[in-house]
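Here is query_31.cif, consisting of mmCIF, C-alpha atoms:
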```
data_entry
loop_
_atom_site.label_atom_id
_atom_site.label_comp_id
_atom_site.auth_asym_id
_atom_site.auth_seq_id
_atom_site.Cartn_x
_atom_site.Cartn_y
_atom_site.Cartn_z
CA MET L 16 113.21 85.91 109.90
CA SER L 17 111.65 82.97 108.01
CA GLU L 18 113.72 81.07 105.50
CA VAL L 19 113.50 82.49 102.03
CA SER L 20 111.68 80.08 99.76
CA SER L 21 112.84 81.40 96.42
CA VAL L 22 114.69 84.26 94.82
CA GLY L 23 113.85 86.49 91.93
CA GLY L 24 110.97 88.21 90.27
CA SER L 25 108.06 86.82 88.30
CA ALA L 26 110.07 84.07 86.60
CA ALA L 27 110.87 82.38 89.92
CA ARG L 28 107.27 81.91 90.97
CA ASP L 29 104.49 79.81 89.54
CA ARG L 30 102.14 82.51 88.44
CA GLY L 31 99.76 82.65 85.59
CA ARG L 32 96.21 83.37 84.70
CA TRP L 33 93.63 82.30 87.22
CA GLU L 34 91.49 79.23 86.57
CA GLN L 35 87.92 79.14 87.86
CA SER L 36 87.75 77.31 91.20
CA THR L 37 85.13 76.05 93.66
CA SER L 38 87.72 75.40 96.36
CA LYS L 39 86.77 76.36 99.93
CA LEU L 40 89.87 78.53 100.00
CA VAL L 41 88.56 80.78 97.23
CA LYS L 42 85.88 83.44 97.40
CA TYR L 43 84.43 85.49 94.57
CA TYR L 44 83.13 89.03 94.97
CA SER L 45 81.18 91.33 92.72
CA VAL L 46 82.52 94.91 92.83
CA ALA L 47 81.18 97.60 90.52
CA ASP L 48 80.23 95.13 87.77
CA ARG L 49 83.55 93.28 88.02
CA ILE L 50 84.53 90.07 89.74
CA ILE L 51 87.44 90.05 92.18
CA CYS L 52 88.64 86.71 93.46
CA ILE L 53 90.37 86.12 96.79
CA LYS L 54 92.35 82.97 97.52
CA GLY L 55 93.60 82.26 101.01
CA ALA L 56 96.43 80.02 102.20
CA ASP L 57 93.98 78.54 104.67
CA GLU L 58 90.48 79.24 105.99
CA PRO L 59 91.51 81.58 108.83
CA VAL L 60 93.42 83.76 106.35
CA LEU L 61 90.53 83.76 103.91
CA ASN L 62 88.11 84.60 106.71
CA LEU L 63 90.35 87.47 107.77
CA ALA L 64 90.11 88.95 104.28
CA HIS L 65 86.38 88.29 104.12
CA ALA L 66 85.79 90.04 107.45
CA PHE L 67 87.72 93.07 106.23
CA LEU L 68 85.80 93.19 102.94
CA SER L 69 82.45 92.99 104.70
CA GLY L 70 82.81 96.70 105.40
CA TYR L 71 82.98 97.42 101.68
CA TYR L 72 80.70 96.85 98.71
CA PHE L 73 82.36 93.57 97.87
CA THR L 74 79.31 91.35 97.40
CA PRO L 75 79.92 87.59 97.59
CA ALA L 76 79.29 86.05 94.18
CA ASN L 77 78.52 82.52 93.07
CA PRO L 78 81.63 81.12 91.33
CA SER L 79 79.65 79.28 88.69
CA ALA L 80 77.69 82.39 87.77
CA ALA L 81 80.52 84.85 88.38
CA GLY L 82 82.29 84.79 85.06
CA ALA L 83 85.99 85.38 84.61
CA PRO L 84 87.48 87.40 87.46
CA ALA L 85 88.99 90.75 86.61
CA HIS L 86 91.65 90.19 89.24
CA LEU L 87 92.88 87.62 91.75
CA ILE L 88 94.31 88.39 95.16
CA GLU L 89 96.15 85.47 96.71
CA LEU L 90 97.24 85.44 100.35
CA HIS L 91 100.25 83.35 101.37
CA LYS L 92 101.63 82.54 104.78
CA HIS L 93 105.15 81.45 103.96
CA ALA L 94 108.11 83.80 103.57
CA PRO L 95 108.01 85.89 100.42
CA PRO L 96 110.49 85.55 97.59
CA VAL L 97 113.23 88.15 97.48
CA PHE L 98 112.51 90.89 94.99
CA PRO L 99 115.58 92.75 93.77
CA GLU L 100 114.89 96.41 94.31
CA ALA L 101 115.00 98.80 91.42
CA ASP L 102 115.89 102.47 91.73
CA SER L 103 112.36 103.78 91.95
CA ARG L 104 111.71 103.27 95.66
CA PHE L 105 109.40 105.66 97.49
CA GLU L 106 107.88 105.83 100.92
CA ILE L 107 104.21 105.16 101.61
CA GLU L 108 102.31 105.21 104.86
CA ASP L 109 103.47 102.26 106.98
CA GLY L 110 106.06 101.11 104.46
CA HIS L 111 107.59 101.63 101.06
CA CYS L 112 107.08 100.73 97.43
CA PHE L 113 109.41 99.86 94.55
CA THR L 114 109.40 98.20 91.18
CA SER L 115 111.15 94.88 90.61
CA GLY L 116 111.19 94.04 86.94
CA ASP L 117 107.57 94.31 85.85
CA ASP L 118 106.23 93.85 89.40
CA LEU L 119 105.15 96.58 91.78
CA VAL L 120 106.25 95.60 95.29
CA LEU L 121 104.87 97.11 98.49
CA GLU L 122 106.38 96.27 101.85
CA VAL L 123 103.81 97.35 104.41
CA ASN L 124 103.59 96.56 108.12
CA ASP L 125 106.14 93.73 107.68
CA SER L 126 104.06 92.04 104.95
CA THR L 127 104.89 91.98 101.24
CA ILE L 128 102.44 92.74 98.45
CA VAL L 129 103.38 92.12 94.83
CA VAL L 130 101.23 93.50 92.07
CA ALA L 131 101.94 91.61 88.86
CA PRO L 132 102.01 93.21 85.39
CA PRO L 133 98.50 94.04 84.16
CA GLU L 134 98.26 91.08 81.78
CA LEU L 135 98.55 88.61 84.70
CA ASN L 136 95.67 90.24 86.63
CA ARG L 137 96.92 89.13 90.04
CA THR L 138 98.23 90.46 93.31
CA ASP L 139 100.02 88.27 95.84
CA ILE L 140 100.31 89.00 99.55
CA TRP L 141 102.81 87.30 101.82
CA LEU L 142 101.49 87.89 105.33
CA SER L 143 103.95 88.72 108.03
CA GLU L 144 104.71 86.26 110.81
CA SER L 145 106.06 88.98 113.08
CA THR L 146 104.05 89.95 116.15
CA PRO L 147 103.40 93.56 115.08
CA GLY L 148 102.76 92.38 111.54
CA LYS L 149 100.07 89.95 112.70
CA HIS L 150 98.12 92.63 114.56
CA SER L 151 94.63 92.99 113.07
CA LEU L 152 95.16 96.68 112.23
CA ALA L 153 98.37 95.85 110.37
CA LEU L 154 96.75 93.00 108.46
CA ASN L 155 93.73 95.13 107.53
CA ASN L 156 96.09 97.81 106.28
CA VAL L 157 97.95 95.29 104.13
CA ILE L 158 94.74 93.90 102.66
CA LEU L 159 93.54 97.44 101.92
CA TYR L 160 96.71 98.26 99.96
CA ALA L 161 96.38 95.03 98.00
CA VAL L 162 92.70 95.62 97.30
CA GLN L 163 93.42 99.18 96.09
CA ALA L 164 96.04 97.84 93.69
CA ALA L 165 93.74 95.07 92.49
CA LEU L 166 90.95 97.55 91.89
CA ARG L 167 93.28 99.80 89.86
CA ARG L 168 94.29 96.86 87.69
CA ALA L 169 90.59 96.11 87.20
CA GLY L 170 89.95 99.69 86.07
CA LEU L 171 88.45 100.89 89.35
CA TYR L 172 90.27 103.85 90.86
CA GLN L 173 89.75 104.50 94.52
CA PHE L 174 89.04 108.16 95.16
CA HIS L 175 88.98 110.05 98.42
CA ALA L 176 85.77 112.03 97.96
CA ALA L 177 82.20 112.31 99.11
CA CYS L 178 79.38 112.03 96.57
CA VAL L 179 75.92 113.49 97.09
CA LEU L 180 72.87 114.18 94.97
CA PRO L 181 70.39 117.07 95.40
CA GLU L 182 67.14 116.23 97.12
CA ASP L 183 64.96 117.61 94.35
CA ASP L 184 67.04 116.34 91.44
CA ALA L 185 68.61 113.02 92.33
CA ASN L 186 69.28 111.90 88.78
CA ASP L 187 72.57 110.57 87.57
CA ARG L 188 74.25 113.68 86.20
CA SER L 189 73.26 115.87 89.14
CA ALA L 190 75.70 114.07 91.43
CA ILE L 191 78.33 116.23 93.10
CA LEU L 192 81.72 115.07 94.26
CA LEU L 193 83.15 116.80 97.34
CA VAL L 194 86.90 116.48 97.06
CA GLY L 195 89.60 117.45 99.50
CA ASP L 196 92.07 116.40 102.16
CA SER L 197 90.97 115.36 105.61
CA GLY L 198 89.93 118.43 107.55
CA CYS L 199 88.62 120.39 104.56
CA GLY L 200 85.04 120.05 105.76
CA LYS L 201 83.93 117.17 103.53
CA SER L 202 82.39 115.09 106.30
CA THR L 203 80.52 117.99 107.84
CA LEU L 204 79.23 119.13 104.46
CA THR L 205 78.14 115.60 103.55
CA ALA L 206 76.41 115.05 106.86
CA THR L 207 74.66 118.41 106.57
CA LEU L 208 73.41 117.74 103.07
CA VAL L 209 72.26 114.21 103.83
CA ARG L 210 70.53 115.43 106.97
CA THR L 211 68.55 117.92 104.88
CA GLY L 212 67.35 115.21 102.51
CA TRP L 213 70.05 114.86 99.86
CA SER L 214 70.84 111.41 98.52
CA PHE L 215 74.33 109.98 98.84
CA VAL L 216 76.83 107.52 97.48
CA THR L 217 79.48 107.98 100.18
CA ASP L 218 81.01 110.42 102.67
CA ASP L 219 84.64 109.67 101.96
CA ASN L 220 85.55 106.73 99.75
CA LEU L 221 84.44 105.73 96.29
CA MET L 222 85.69 104.14 93.06
CA LEU L 223 85.80 105.73 89.64
CA SER L 224 85.40 103.69 86.47
CA ASP L 225 85.74 104.78 82.88
CA SER L 226 82.94 103.58 80.61
CA ALA L 227 81.54 104.52 77.22
CA ALA L 228 78.87 106.55 79.02
CA GLY L 229 81.44 108.50 81.02
CA ILE L 230 83.16 108.39 84.37
CA GLU L 231 81.05 106.59 86.91
CA ALA L 232 81.35 106.86 90.69
CA TRP L 233 80.65 103.73 92.72
CA ALA L 234 80.11 103.35 96.44
CA LEU L 235 82.99 101.51 98.11
CA ARG L 236 82.64 101.60 101.89
CA ARG L 237 79.40 100.59 103.59
CA TYR L 238 79.49 103.17 106.35
CA PHE L 239 80.32 106.82 106.95
CA THR L 240 82.85 107.83 109.58
CA PHE L 241 82.22 110.82 111.82
CA ASP L 242 83.74 112.11 114.99
CA GLU L 243 81.44 112.93 117.86
CA ALA L 244 81.61 116.66 117.22
CA THR L 245 80.35 116.22 113.66
CA LEU L 246 77.60 113.85 114.78
CA ASP L 247 76.52 116.45 117.28
CA ALA L 248 76.82 119.48 114.99
CA CYS L 249 74.80 117.74 112.27
CA ASN L 250 72.10 116.44 114.62
CA LEU L 251 72.96 112.82 113.98
CA LEU L 252 73.36 111.71 117.59
CA SER L 253 69.65 110.95 117.71
CA PHE L 254 70.16 108.17 115.18
CA LYS L 255 71.50 105.91 117.91
CA GLU L 256 70.75 102.66 116.07
CA SER L 257 72.79 103.85 113.09
CA ILE L 258 75.90 104.73 115.08
CA GLY L 259 78.29 101.81 115.18
CA GLY L 260 81.53 101.19 116.97
CA ARG L 261 84.70 103.22 116.75
CA VAL L 262 86.72 102.90 113.57
CA PRO L 263 89.77 100.65 114.16
CA GLY L 264 92.91 102.73 113.89
CA LYS L 265 90.93 106.00 113.99
CA THR L 266 89.29 105.69 117.34
CA GLU L 267 88.16 109.31 117.41
CA LYS L 268 85.67 108.37 114.69
CA PHE L 269 82.51 106.30 114.77
CA ARG L 270 80.94 104.26 112.02
CA PHE L 271 77.63 105.73 110.89
CA TYR L 272 75.30 103.53 108.85
CA ALA L 273 73.64 106.20 106.72
CA ARG L 274 71.60 103.68 104.72
CA ASP L 275 69.84 102.68 107.92
CA ALA L 276 69.36 106.25 109.12
CA PHE L 277 68.12 107.54 105.77
CA PRO L 278 66.40 104.69 103.95
CA GLY L 279 65.87 105.17 100.26
CA LYS L 280 68.61 107.79 99.98
CA PHE L 281 71.53 105.56 99.07
CA VAL L 282 72.70 105.58 95.47
CA ALA L 283 75.10 102.79 94.53
CA ASN L 284 76.57 104.43 91.47
CA CYS L 285 76.15 107.55 89.35
CA PHE L 286 77.80 109.78 86.76
CA PRO L 287 79.03 112.95 88.53
CA GLY L 288 78.16 116.26 86.94
CA ALA L 289 80.02 118.59 89.30
CA ILE L 290 83.00 118.66 91.63
CA ILE L 291 83.30 120.93 94.64
CA PHE L 292 86.60 121.40 96.42
CA PRO L 293 85.62 122.68 99.88
CA THR L 294 87.83 124.66 102.15
CA VAL L 295 86.95 126.05 105.56
CA THR L 296 87.48 129.77 105.98
CA SER L 297 86.84 132.34 108.68
CA GLU L 298 84.92 134.52 106.26
CA THR L 299 81.47 135.67 107.27
CA GLN L 300 79.83 134.70 104.00
CA SER L 301 80.41 131.50 102.06
CA ARG L 302 81.03 131.64 98.35
CA ILE L 303 81.41 129.22 95.49
CA GLU L 304 83.69 130.06 92.59
CA PRO L 305 84.17 128.15 89.35
CA LEU L 306 87.45 126.42 88.59
CA LYS L 307 89.07 125.90 85.21
CA GLN L 308 89.39 122.30 84.02
CA GLY L 309 93.17 122.42 84.21
CA ASP L 310 93.14 123.55 87.83
CA ALA L 311 90.50 120.93 88.67
CA LEU L 312 92.57 118.19 87.04
CA ALA L 313 95.67 119.27 88.94
CA ARG L 314 93.73 119.02 92.20
CA LEU L 315 92.32 115.63 91.23
CA ILE L 316 95.81 114.31 90.52
CA ARG L 317 96.99 115.64 93.85
CA GLN L 318 94.21 113.65 95.53
CA CYS L 319 95.27 110.43 93.79
CA PRO L 320 98.94 109.70 94.51
CA TRP L 321 98.64 106.26 92.95
CA ALA L 322 97.77 107.89 89.63
CA THR L 323 101.43 108.85 89.42
CA CYS L 324 103.00 106.11 91.54
CA ASP L 325 101.55 102.93 89.97
CA ALA L 326 103.19 103.27 86.57
CA ALA L 327 101.42 100.31 84.96
CA ALA L 328 97.99 101.71 85.81
CA ALA L 329 98.93 105.38 85.48
CA PRO L 330 98.01 106.07 81.84
CA LEU L 331 94.44 104.77 82.22
CA HIS L 332 94.12 106.23 85.71
CA LEU L 333 95.14 109.67 84.46
CA GLN L 334 92.87 109.29 81.48
CA ALA L 335 89.97 108.63 83.85
CA LEU L 336 90.77 111.70 85.94
CA THR L 337 91.02 113.82 82.79
CA LYS L 338 87.66 112.55 81.57
CA LEU L 339 86.20 113.34 84.98
CA ALA L 340 87.52 116.91 84.79
CA ARG L 341 85.99 117.25 81.32
CA GLN L 342 82.69 115.64 82.30
CA THR L 343 82.07 117.92 85.28
CA ARG L 344 81.92 121.58 86.19
CA SER L 345 84.31 122.30 89.02
CA TYR L 346 84.13 124.80 91.85
CA THR L 347 85.85 125.84 95.04
CA LEU L 348 83.58 126.28 98.04
CA PHE L 349 84.94 128.74 100.53
CA ALA L 350 82.83 127.69 103.51
CA GLY L 351 82.35 130.61 105.86
CA ARG L 352 80.88 131.02 109.30
CA ASP L 353 77.37 131.35 107.88
CA VAL L 354 76.98 127.71 106.84
CA PHE L 355 78.33 126.48 110.13
CA ALA L 356 75.96 128.75 112.03
CA ASP L 357 73.06 127.69 109.83
CA PRO L 358 73.83 124.43 108.02
CA THR L 359 70.41 124.46 106.35
CA SER L 360 71.65 127.32 104.16
CA LEU L 361 74.21 125.05 102.50
CA PRO L 362 71.96 123.08 100.11
CA GLU L 363 70.51 126.27 98.66
CA LEU L 364 73.95 127.87 98.30
CA ILE L 365 75.18 124.86 96.36
CA SER L 366 72.05 124.43 94.25
CA GLU L 367 71.91 128.11 93.30
CA SER L 368 75.59 128.29 92.46
CA LEU L 369 75.53 125.18 90.31
CA LYS L 370 72.49 126.19 88.23
CA MET P 15 116.77 124.71 63.32
CA SER P 16 115.20 122.53 60.62
CA ASN P 17 113.50 120.24 63.15
CA SER P 18 112.93 120.30 66.87
CA GLY P 19 115.34 117.39 67.41
CA LEU P 20 113.43 116.43 70.52
CA VAL P 21 110.97 113.68 71.40
CA PRO P 22 108.95 113.12 74.57
CA LEU P 23 110.39 110.59 77.03
CA GLY P 24 108.48 107.35 77.38
CA HIS P 25 107.69 107.76 81.07
CA ILE P 26 105.88 111.07 80.52
CA VAL P 27 102.08 110.78 80.28
CA ALA P 28 100.19 113.67 78.70
CA THR P 29 96.49 114.46 78.94
CA GLN P 30 94.70 117.30 77.18
CA LEU P 31 91.61 119.22 78.25
CA ASP P 32 88.80 120.90 76.34
CA GLU P 33 90.36 124.37 76.25
CA GLY P 34 93.60 123.06 74.80
CA ASP P 35 95.57 123.14 78.04
CA GLY P 36 96.71 119.94 79.72
CA VAL P 37 98.84 118.12 82.21
CA LEU P 38 102.08 116.17 81.94
CA VAL P 39 102.94 113.53 84.53
CA ASP P 40 106.48 112.26 84.98
CA LEU P 41 106.03 108.70 86.23
CA ASN P 42 109.66 108.55 87.38
CA THR P 43 109.66 111.63 89.59
CA LYS P 44 105.88 111.57 90.29
CA GLN P 45 105.84 115.28 89.38
CA TYR P 46 103.05 116.71 87.28
CA TYR P 47 103.04 119.90 85.24
CA GLN P 48 100.11 122.03 84.13
CA LEU P 49 100.60 123.18 80.56
CA ASN P 50 98.86 126.16 79.04
CA GLU P 51 97.50 125.96 75.50
CA THR P 52 100.73 127.01 73.83
CA ALA P 53 102.82 124.52 75.75
CA MET P 54 100.31 121.78 75.05
CA LEU P 55 100.28 122.63 71.35
CA ILE P 56 104.07 122.25 71.27
CA TRP P 57 103.98 119.02 73.28
CA CYS P 58 101.45 117.47 70.91
CA ALA P 59 103.63 118.57 68.00
CA LEU P 60 106.62 116.80 69.57
CA GLU P 61 104.52 113.67 70.03
CA ASN P 62 103.65 113.83 66.34
CA GLY P 63 107.28 114.33 65.35
CA GLN P 64 106.61 117.68 63.71
CA PRO P 65 109.59 119.75 62.59
CA PHE P 66 110.37 123.03 64.32
CA GLU P 67 109.16 125.29 61.54
CA GLN P 68 105.81 123.53 61.50
CA ILE P 69 105.49 124.11 65.24
CA VAL P 70 106.25 127.79 64.68
CA ALA P 71 103.64 127.97 61.91
CA GLU P 72 101.00 126.43 64.17
CA ILE P 73 101.73 128.97 66.90
CA MET P 74 101.49 131.80 64.41
CA ASN P 75 98.13 130.47 63.17
CA ALA P 76 96.69 129.82 66.60
CA TYR P 77 97.67 133.08 68.25
CA THR P 78 98.07 135.60 65.43
CA VAL P 79 101.65 136.44 66.32
CA ASP P 80 104.56 137.17 64.03
CA HIS P 81 107.29 134.70 63.14
CA GLU P 82 109.85 136.13 65.55
CA HIS P 83 107.44 135.91 68.46
CA ALA P 84 106.44 132.35 67.61
CA VAL P 85 110.06 131.21 67.31
CA ALA P 86 110.89 132.77 70.68
CA SER P 87 107.91 131.03 72.35
CA ALA P 88 108.73 127.68 70.82
CA GLU P 89 112.43 127.87 71.71
CA ARG P 90 111.66 128.93 75.27
CA LEU P 91 109.21 126.09 75.84
CA LEU P 92 111.42 123.46 74.22
CA LYS P 93 114.25 124.59 76.48
CA GLU P 94 111.95 124.28 79.49
CA PHE P 95 110.94 120.76 78.50
CA GLN P 96 114.61 119.86 78.26
CA GLU P 97 115.50 121.46 81.60
CA ARG P 98 112.73 119.48 83.30
CA LYS P 99 113.94 116.28 81.60
CA LEU P 100 110.66 115.67 79.84
CA VAL P 101 112.19 115.19 76.38
CA ARG P 102 115.30 113.69 74.85
CA PRO P 103 117.16 114.29 71.59
CA SER P 104 115.65 112.31 68.73
CA GLU P 105 117.84 109.65 67.18
#
```
As structure tokens, how would this structure be written, given the file I've shared?
Amino acid sequence: MSEVSSVGGSAARDRGRWEQSTSKLVKYYSVADRIICIKGADEPVLNLAHAFLSGYYFTPANPSAAGAPAHLIELHKHAPPVFPEADSRFEIEDGHCFTSGDDLVLEVNDSTIVVAPPELNRTDIWLSESTPGKHSLALNNVILYAVQAALRRAGLYQFHAACVLPEDDANDRSAILLVGDSGCGKSTLTATLVRTGWSFVTDDNLMLSDSAAGIEAWALRRYFTFDEATLDACNLLSFKESIGGRVPGKTEKFRFYARDAFPGKFVANCFPGAIIFPTVTSETQSRIEPLKQGDALARLIRQCPWATCDAAAAPLHLQALTKLARQTRSYTLFAGRDVFADPTSLPELISESLK
Amino acid sequence: MSNSGLVPLGHIVATQLDEGDGVLVDLNTKQYYQLNETAMLIWCALENGQPFEQIVAEIMNAYTVDHEHAVASAERLLKEFQERKLVRPSE
């Protein structure tokens, strides 16, 4: 293990507000009308982060025109400080999380991520020097956790949902979120709807922001991910040029570049008007049933573990989810054998039910 | 009881919906609780530091129930908030 460079929480490290920089080790990105800044310990580290972010709607921004960043992520290569662990430790995928003073500390894949109190607007990553920790999948996972935390601090809440807009009514408030765990049928439903001409923001991953005009959904990832069975069932295999490589870490899935396959159908951001929670059933006939706001909010919270686990961001995160529940009409879709036998029946079922 | 004697704990976040129901989230345990309208009415009253009899009066007004009924509802819900460690005695 590397020698510890310092001990203690925020007081032991030189941290403060970020000053604008044109250094080669700093990159600025525009994300959903905010600026996120990444600083690397060296160019290879910065390039690693940049390569990861190229799969997301993190658009490189000119530092002089960028304005003050909403958040800084700084990557370090030396050993992390020791953070005394508080009582509130909990397990996360590939690691664990705890608070240390005012910091939120994540130890993931042998690397350490420290999310500073909101007023400091920064997240620090100490990258692991261990062999498994330096694997590209591990490093991408670490960067993803840090980016999620940075986005939350910047008022952008990552949300595991698809977002589509009806073909004949692709205005802002007609957008529908499809929300549910993996395996609920989200991907198949999204692919089916897009294939029949609906517009889309995403198949799986978006950000929510709270503005005066309401809760806005923003595209986050630049590609869809489908397994071969879904590509086949939804007649997408013919779009050979739009099918990319396998998704690292989820090799049963392929990247699908829907913007290339369906030009003019991508919507970067919108204000959702409805939420559908799909579930696959063995029933003959599909049905859509309305949900009360309280039940919808409970399901939304269940989909967003960080809304309860990141205490500093929780009040605003929960407020955003509540506003979303109030802004939308919510439904459960019990998807039966009929829509899988005839996927073209799905758009009409949804449109009729949501009238 | 002249006052409820209870206040919400600082790590509990409450959100209210259009129909008067809502959700409480305990940031320490990561648990969340769906509250119906009555429970949410009482929670908001605790947040505002309202005395017990005022809570009872609000229940009676909102749901057209008699005093005995309203007292029983309020006491039951306050006890439940205590059992779930969502409130503490006021100083």
Specify as a count of residues only each residue included when the PyMOL selection byres ((chain L) within 12 of (chain P)) is applied to this file.
43
Carefully work through the PyMOL selection byres ((chain L and resi 294-296) around 6) for this structure and note down the residues it includes, as a PyMOL selection string.
chain L and resi 199+293+297-298+349-351
Here's the selection I'm unsure about, the PyMOL selection byres ((chain L and resi 145-152) around 12); applied to the file above, which residues does it give, as a ChimeraX atom specification?
/L:16-17,60,63-64,66-67,92-94,109-110,122-127,141-144,153-159,262-266
I'd like the neighbourhood of Ser87 in chain P as a PyMOL selection string, where a residue qualifies if any of its atoms comes within 9 Å (using only C-alpha atoms), though same-chain residues fewer than 3 positions away should be ignored.
chain P and resi 52-53+70+73+82-84+90-92
Would you save the residues of that selection, restricted to C-alpha atoms, as a PDB file, in the frame of the given file?
```
ATOM      1  CA  THR P  52     100.730 127.010  73.830  1.00  0.00           C
ATOM      2  CA  ALA P  53     102.820 124.520  75.750  1.00  0.00           C
ATOM      3  CA  VAL P  70     106.250 127.790  64.680  1.00  0.00           C
ATOM      4  CA  ILE P  73     101.730 128.970  66.900  1.00  0.00           C
ATOM      5  CA  GLU P  82     109.850 136.130  65.550  1.00  0.00           C
ATOM      6  CA  HIS P  83     107.440 135.910  68.460  1.00  0.00           C
ATOM      7  CA  ALA P  84     106.440 132.350  67.610  1.00  0.00           C
ATOM      8  CA  ARG P  90     111.660 128.930  75.270  1.00  0.00           C
ATOM      9  CA  LEU P  91     109.210 126.090  75.840  1.00  0.00           C
ATOM     10  CA  LEU P  92     111.420 123.460  74.220  1.00  0.00           C
TER      11      LEU P  92
END
```
Counting all atoms listed in the file, find the residues whose atoms lie at most 8 Å from (109.8, 109.4, 76.3) (file coordinates) and write them out as a count of residues only.
9
What separation in Å, quoted to one decimal, exists between CA of Pro287 in chain L and CA of Leu361 in chain L?
19.1 Å
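Of the residues listed (L:Ile365, L:Ile88, L:Leu348, L:Leu235), L:Leu235 shows the shortest atom-to-atom separation from His175 in chain L; distances use only C-alpha atoms.
Rounded to one decimal, CA of Val79 in chain P and CA of Glu67 in chain P lie 14.3 Å from each other.
Take CA of Trp213 in chain L and CA of Ala283 in chain L: the distance between them is 14.1 Å.
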For Ala273 in chain L, list every protein, DNA or RNA residue within 9 Å, evaluated using only C-alpha atoms, and leave out those in the same chain fewer than 4 positions away; present the list as a ChimeraX atom specification.
/L:209,215,217,237-239,257-258,277-278,280-281
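Each of L:Ala47, L:Leu61, L:Leu68, L:Leu223 was checked against Ala85 in chain L using all atoms listed in the file; the smallest atom-to-atom distance is that of L:Ala47.
Using only C-alpha atoms for every distance, the candidate list L:Tyr44, L:Ser69, L:Glu89, L:Tyr160 yields L:Tyr160 as the residue closest to Glu108 in chain L.
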Emit a file covering range 102-113 of chain L of the preceding structure with N, CA, C and O atoms, as a PDB file, in the first residue's frame.
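So out-v5.pdb came out as:
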```
ATOM      1  N   ASP L 102     -20.241   6.582  11.568  1.00  0.00           N
ATOM      2  CA  ASP L 102     -21.076   5.396  11.762  1.00  0.00           C
ATOM      3  C   ASP L 102     -21.871   5.019  10.532  1.00  0.00           C
ATOM      4  O   ASP L 102     -22.251   3.877  10.361  1.00  0.00           O
ATOM      5  N   SER L 103     -22.131   5.979   9.663  1.00  0.00           N
ATOM      6  CA  SER L 103     -23.125   5.765   8.609  1.00  0.00           C
ATOM      7  C   SER L 103     -22.503   5.138   7.369  1.00  0.00           C
ATOM      8  O   SER L 103     -22.561   5.689   6.294  1.00  0.00           O
ATOM      9  N   ARG L 104     -21.924   3.949   7.521  1.00  0.00           N
ATOM     10  CA  ARG L 104     -21.330   3.263   6.378  1.00  0.00           C
ATOM     11  C   ARG L 104     -22.392   2.378   5.737  1.00  0.00           C
ATOM     12  O   ARG L 104     -23.185   1.734   6.420  1.00  0.00           O
ATOM     13  N   PHE L 105     -22.401   2.326   4.400  1.00  0.00           N
ATOM     14  CA  PHE L 105     -23.293   1.395   3.719  1.00  0.00           C
ATOM     15  C   PHE L 105     -22.619   0.879   2.466  1.00  0.00           C
ATOM     16  O   PHE L 105     -21.712   1.507   1.927  1.00  0.00           O
ATOM     17  N   GLU L 106     -23.061  -0.264   2.045  1.00  0.00           N
ATOM     18  CA  GLU L 106     -22.453  -0.922   0.888  1.00  0.00           C
ATOM     19  C   GLU L 106     -23.043  -0.367  -0.407  1.00  0.00           C
ATOM     20  O   GLU L 106     -24.228  -0.043  -0.487  1.00  0.00           O
ATOM     21  N   ILE L 107     -22.195  -0.230  -1.410  1.00  0.00           N
ATOM     22  CA  ILE L 107     -22.639   0.102  -2.762  1.00  0.00           C
ATOM     23  C   ILE L 107     -22.004  -0.907  -3.715  1.00  0.00           C
ATOM     24  O   ILE L 107     -21.107  -1.645  -3.294  1.00  0.00           O
ATOM     25  N   GLU L 108     -22.437  -0.918  -4.935  1.00  0.00           N
ATOM     26  CA  GLU L 108     -21.876  -1.884  -5.868  1.00  0.00           C
ATOM     27  C   GLU L 108     -20.384  -1.603  -6.028  1.00  0.00           C
ATOM     28  O   GLU L 108     -19.979  -0.462  -6.254  1.00  0.00           O
ATOM     29  N   ASP L 109     -19.566  -2.598  -5.865  1.00  0.00           N
ATOM     30  CA  ASP L 109     -18.113  -2.509  -6.007  1.00  0.00           C
ATOM     31  C   ASP L 109     -17.432  -1.745  -4.881  1.00  0.00           C
ATOM     32  O   ASP L 109     -16.260  -1.354  -5.023  1.00  0.00           O
ATOM     33  N   GLY L 110     -18.108  -1.495  -3.781  1.00  0.00           N
ATOM     34  CA  GLY L 110     -17.426  -0.797  -2.697  1.00  0.00           C
ATOM     35  C   GLY L 110     -18.350  -0.405  -1.574  1.00  0.00           C
ATOM     36  O   GLY L 110     -19.355  -1.065  -1.313  1.00  0.00           O
ATOM     37  N   HIS L 111     -18.001   0.670  -0.877  1.00  0.00           N
ATOM     38  CA  HIS L 111     -18.846   1.149   0.196  1.00  0.00           C
ATOM     39  C   HIS L 111     -18.726   2.656   0.317  1.00  0.00           C
ATOM     40  O   HIS L 111     -17.850   3.273  -0.289  1.00  0.00           O
ATOM     41  N   CYS L 112     -19.610   3.224   1.142  1.00  0.00           N
ATOM     42  CA  CYS L 112     -19.731   4.677   1.231  1.00  0.00           C
ATOM     43  C   CYS L 112     -19.889   5.036   2.704  1.00  0.00           C
ATOM     44  O   CYS L 112     -20.521   4.296   3.461  1.00  0.00           O
ATOM     45  N   PHE L 113     -19.317   6.156   3.119  1.00  0.00           N
ATOM     46  CA  PHE L 113     -19.512   6.621   4.489  1.00  0.00           C
ATOM     47  C   PHE L 113     -19.292   8.128   4.529  1.00  0.00           C
ATOM     48  O   PHE L 113     -18.743   8.710   3.600  1.00  0.00           O
TER      49      PHE L 113
END
```
